[in-house]
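Trainee: Just passing along the structure, written as structure tokens.
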Amino acid sequence: MRAVAEACARLAETKTGALLVIQRKADLQPIAATGTVVDALPNSELLQAIFAKDSPLHDGAVLLSEGRIIAASCMLPLSDQASYQAAGYGMRHRAALGRSEQSDALVVLVSEESGHLVVAEEGQFSEPLSPNALMHRLRGER
């Protein structure tokens, strides 16, 4: 998970939006089917390349399962929570929240507007996280 945290930190520095879904128990195969199969070990450079603004895979989410990137450019369900719609959150935020509402997945979001790193879990966003705090969350630590 170090590669994921490093990539997210670099993406946040450049305010490059990103959405990563980390599978826990719930099956993400239906979501993976909406994207492009990748099947690769995650590394910071690959994740940064996927989310680069000129990459054909940058829209949508990257799915990670059992320590591997399984797909990129995946479409996620959007949250219907009115409070987030009223607050002006964009599609990436609503998609992160929607996936976390409908599964036990941990969803990492890099905001292209603020550069903040946040995690969506159980239908809630975390406070903005430092790269080190993100690493702890990815390891299952609170």
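The chains in the structure tokens are called A, B, ... from first to last as shown; in each chain the residues are counted from 1, and the ligands are counted from 1 in the order shown.
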So that I can check the surroundings of Glu127 of chain A, please list as a ChimeraX atom specification every protein, DNA and RNA residue that reaches within 10 Å of it, counting only C-alpha atoms and ignoring chain neighbours fewer than 6 positions away.
Mentor: /A:116-120
Trainee: For the structure I just gave you, how does DSSP split chain A - specifically, which residues are strand (DSSP E or B)? Reply as an NGL selection string.
Mentor: :A and (18-22 or 36-40 or 61-65 or 68-74 or 106-110 or 117-121 or 124-125 or 129)
Trainee: DSSP on the backbone, then: every residue of segment 1-83 of chain A marked alpha helix (DSSP H), written as JSON, numbers by chain.
Mentor: {"A": [2, 3, 4, 5, 6, 7, 8, 9, 10, 11, 12, 13, 29, 30, 31, 32, 44, 45, 46, 47, 48, 49, 50, 51, 82, 83]}
Trainee: Can you tell me, as a VMD selection string, what residues are no more than 7 Å from segment 90-104 of chain A when counting only C-alpha atoms, ignoring any on the same chain fewer than 2 positions away?
Mentor: chain A and resid 24 to 26 76 to 79 88 106 to 107 109 120 to 124
Trainee: Now that the selection is made, can you save its residues with all heavy atoms as an mmCIF file, in the first residue's frame?
Mentor:
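Everything below was put into result.cif:
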```cif
data_model
loop_
_atom_site.group_PDB
_atom_site.id
_atom_site.type_symbol
_atom_site.label_atom_id
_atom_site.label_comp_id
_atom_site.auth_asym_id
_atom_site.auth_seq_id
_atom_site.Cartn_x
_atom_site.Cartn_y
_atom_site.Cartn_z
ATOM 1 N N ARG A 24 -12.336 -5.038 -0.014
ATOM 2 C CA ARG A 24 -12.221 -5.784 1.240
ATOM 3 C C ARG A 24 -12.922 -7.118 1.016
ATOM 4 O O ARG A 24 -12.378 -7.979 0.348
ATOM 5 C CB ARG A 24 -12.813 -4.980 2.376
ATOM 6 C CG ARG A 24 -11.947 -3.762 2.739
ATOM 7 C CD ARG A 24 -12.545 -2.969 3.837
ATOM 8 N NE ARG A 24 -11.640 -1.943 4.329
ATOM 9 C CZ ARG A 24 -12.038 -0.870 4.961
ATOM 10 N NH1 ARG A 24 -13.319 -0.667 5.196
ATOM 11 N NH2 ARG A 24 -11.169 0.021 5.378
ATOM 12 N N LYS A 25 -14.145 -7.280 1.506
ATOM 13 C CA LYS A 25 -14.865 -8.541 1.329
ATOM 14 C C LYS A 25 -15.836 -8.522 0.156
ATOM 15 O O LYS A 25 -15.990 -9.510 -0.537
ATOM 16 C CB LYS A 25 -15.621 -8.905 2.613
ATOM 17 C CG LYS A 25 -14.693 -9.230 3.757
ATOM 18 C CD LYS A 25 -15.462 -9.567 5.011
ATOM 19 C CE LYS A 25 -14.489 -9.812 6.158
ATOM 20 N NZ LYS A 25 -15.154 -9.954 7.426
ATOM 21 N N ALA A 26 -16.505 -7.402 -0.069
ATOM 22 C CA ALA A 26 -17.521 -7.312 -1.129
ATOM 23 C C ALA A 26 -16.889 -7.504 -2.504
ATOM 24 O O ALA A 26 -15.795 -7.004 -2.779
ATOM 25 C CB ALA A 26 -18.228 -5.965 -1.059
ATOM 26 N N LEU A 76 -18.488 4.194 -11.041
ATOM 27 C CA LEU A 76 -19.015 3.900 -9.709
ATOM 28 C C LEU A 76 -20.407 4.499 -9.556
ATOM 29 O O LEU A 76 -20.725 5.517 -10.182
ATOM 30 C CB LEU A 76 -18.097 4.481 -8.633
ATOM 31 C CG LEU A 76 -16.651 4.019 -8.627
ATOM 32 C CD1 LEU A 76 -15.889 4.710 -7.487
ATOM 33 C CD2 LEU A 76 -16.547 2.513 -8.496
ATOM 34 N N PRO A 77 -21.214 3.911 -8.680
ATOM 35 C CA PRO A 77 -22.532 4.497 -8.402
ATOM 36 C C PRO A 77 -22.365 5.818 -7.660
ATOM 37 O O PRO A 77 -21.441 5.986 -6.872
ATOM 38 C CB PRO A 77 -23.198 3.449 -7.508
ATOM 39 C CG PRO A 77 -22.059 2.745 -6.841
ATOM 40 C CD PRO A 77 -20.943 2.723 -7.859
ATOM 41 N N LEU A 78 -23.249 6.757 -7.929
ATOM 42 C CA LEU A 78 -23.187 8.061 -7.260
ATOM 43 C C LEU A 78 -24.045 8.059 -6.007
ATOM 44 O O LEU A 78 -25.114 7.450 -5.978
ATOM 45 C CB LEU A 78 -23.674 9.161 -8.203
ATOM 46 C CG LEU A 78 -22.906 9.341 -9.498
ATOM 47 C CD1 LEU A 78 -23.527 10.475 -10.311
ATOM 48 C CD2 LEU A 78 -21.438 9.579 -9.250
ATOM 49 N N SER A 79 -23.583 8.772 -5.009
ATOM 50 C CA SER A 79 -24.357 8.936 -3.785
ATOM 51 C C SER A 79 -25.539 9.857 -4.041
ATOM 52 O O SER A 79 -25.449 10.816 -4.814
ATOM 53 C CB SER A 79 -23.484 9.538 -2.682
ATOM 54 O OG SER A 79 -24.264 9.809 -1.533
ATOM 55 N N GLY A 88 -21.976 21.165 -3.007
ATOM 56 C CA GLY A 88 -21.234 21.411 -4.235
ATOM 57 C C GLY A 88 -20.151 20.396 -4.540
ATOM 58 O O GLY A 88 -19.246 20.680 -5.306
ATOM 59 N N LEU A 106 -12.833 0.427 0.829
ATOM 60 C CA LEU A 106 -12.219 1.674 1.258
ATOM 61 C C LEU A 106 -11.938 2.465 -0.014
ATOM 62 O O LEU A 106 -11.313 1.947 -0.944
ATOM 63 C CB LEU A 106 -10.908 1.396 2.009
ATOM 64 C CG LEU A 106 -10.191 2.610 2.561
ATOM 65 C CD1 LEU A 106 -10.976 3.169 3.757
ATOM 66 C CD2 LEU A 106 -8.788 2.228 2.996
ATOM 67 N N VAL A 107 -12.440 3.693 -0.085
ATOM 68 C CA VAL A 107 -12.299 4.497 -1.298
ATOM 69 C C VAL A 107 -11.423 5.704 -0.986
ATOM 70 O O VAL A 107 -11.713 6.482 -0.082
ATOM 71 C CB VAL A 107 -13.678 4.954 -1.824
ATOM 72 C CG1 VAL A 107 -13.517 5.706 -3.135
ATOM 73 C CG2 VAL A 107 -14.617 3.764 -1.992
ATOM 74 N N LEU A 109 -9.778 9.213 -2.292
ATOM 75 C CA LEU A 109 -10.064 10.281 -3.235
ATOM 76 C C LEU A 109 -8.996 11.353 -3.128
ATOM 77 O O LEU A 109 -8.636 11.761 -2.025
ATOM 78 C CB LEU A 109 -11.435 10.889 -2.920
ATOM 79 C CG LEU A 109 -11.789 12.094 -3.757
ATOM 80 C CD1 LEU A 109 -12.903 11.748 -4.719
ATOM 81 C CD2 LEU A 109 -12.186 13.249 -2.889
ATOM 82 N N ALA A 120 -13.293 7.619 1.841
ATOM 83 C CA ALA A 120 -14.726 7.392 2.045
ATOM 84 C C ALA A 120 -14.876 5.963 2.542
ATOM 85 O O ALA A 120 -14.323 5.031 1.963
ATOM 86 C CB ALA A 120 -15.505 7.589 0.747
ATOM 87 N N GLU A 121 -15.632 5.840 3.629
ATOM 88 C CA GLU A 121 -15.851 4.533 4.240
ATOM 89 C C GLU A 121 -17.201 4.554 4.935
ATOM 90 O O GLU A 121 -17.513 5.509 5.647
ATOM 91 C CB GLU A 121 -14.729 4.266 5.247
ATOM 92 C CG GLU A 121 -14.694 2.904 5.831
ATOM 93 C CD GLU A 121 -13.456 2.686 6.682
ATOM 94 O OE1 GLU A 121 -12.850 3.656 7.195
ATOM 95 O OE2 GLU A 121 -13.088 1.520 6.845
ATOM 96 N N GLU A 122 -18.011 3.534 4.646
ATOM 97 C CA GLU A 122 -19.337 3.412 5.250
ATOM 98 C C GLU A 122 -20.177 4.673 5.056
ATOM 99 O O GLU A 122 -20.882 5.126 5.951
ATOM 100 C CB GLU A 122 -19.220 3.058 6.727
ATOM 101 C CG GLU A 122 -18.533 1.720 6.968
ATOM 102 C CD GLU A 122 -18.346 1.391 8.436
ATOM 103 O OE1 GLU A 122 -18.695 2.224 9.303
ATOM 104 O OE2 GLU A 122 -17.839 0.300 8.714
ATOM 105 N N GLY A 123 -20.089 5.269 3.869
ATOM 106 C CA GLY A 123 -20.910 6.425 3.546
ATOM 107 C C GLY A 123 -20.476 7.733 4.172
ATOM 108 O O GLY A 123 -21.250 8.694 4.189
ATOM 109 N N GLN A 124 -19.243 7.801 4.659
ATOM 110 C CA GLN A 124 -18.736 9.021 5.290
ATOM 111 C C GLN A 124 -17.343 9.339 4.778
ATOM 112 O O GLN A 124 -16.543 8.436 4.513
ATOM 113 C CB GLN A 124 -18.655 8.844 6.815
ATOM 114 C CG GLN A 124 -19.975 8.565 7.487
ATOM 115 C CD GLN A 124 -20.908 9.764 7.455
ATOM 116 O OE1 GLN A 124 -20.483 10.903 7.607
ATOM 117 N NE2 GLN A 124 -22.188 9.516 7.230
#
```
Trainee: If you count only C-alpha atoms, which residues fall within 12 Å of segment 137-141 of chain A, apart from same-chain ones fewer than 4 positions away, as a count of residues only?
Mentor: 29
Trainee: Could you tell me which of A:Leu134, A:Ala7, A:Cys74, A:Ala18 comes closest to Glu113 of chain A if we count only C-alpha atoms?
Mentor: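 Of the candidates, the smallest distance to Glu113 of chain A is held by A:Ala18.
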Trainee: So which one's closest to Ala49 of chain A, A:Thr16, A:Ser111, A:Thr34, A:Gln29? Using only C-alpha atoms, please.
Mentor: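 Closest candidate: A:Thr16.
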Trainee: Rounded to one decimal in Å, what is the spacing between atom CA of Lys53 of chain A and atom CA of Asp80 of chain A?
Mentor: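 So the two atoms, atom CA of Lys53 of chain A and atom CA of Asp80 of chain A, lie 26.9 Å apart.
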Trainee: Find, counting only C-alpha atoms, the residue in A:Leu19, A:Met135, A:Leu46, A:Ala12 that gets nearest to Leu63 of chain A.
Mentor: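 Residue with the minimum atom-to-atom distance to Leu63 of chain A: A:Leu19.
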Trainee: Under the rule that only C-alpha atoms are counted, which of A:Glu13, A:Glu45, A:Asp27, A:Glu112 is the nearest residue to Ser65 of chain A?
Mentor: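 That would be A:Asp27, the residue with the smallest distance to Ser65 of chain A.
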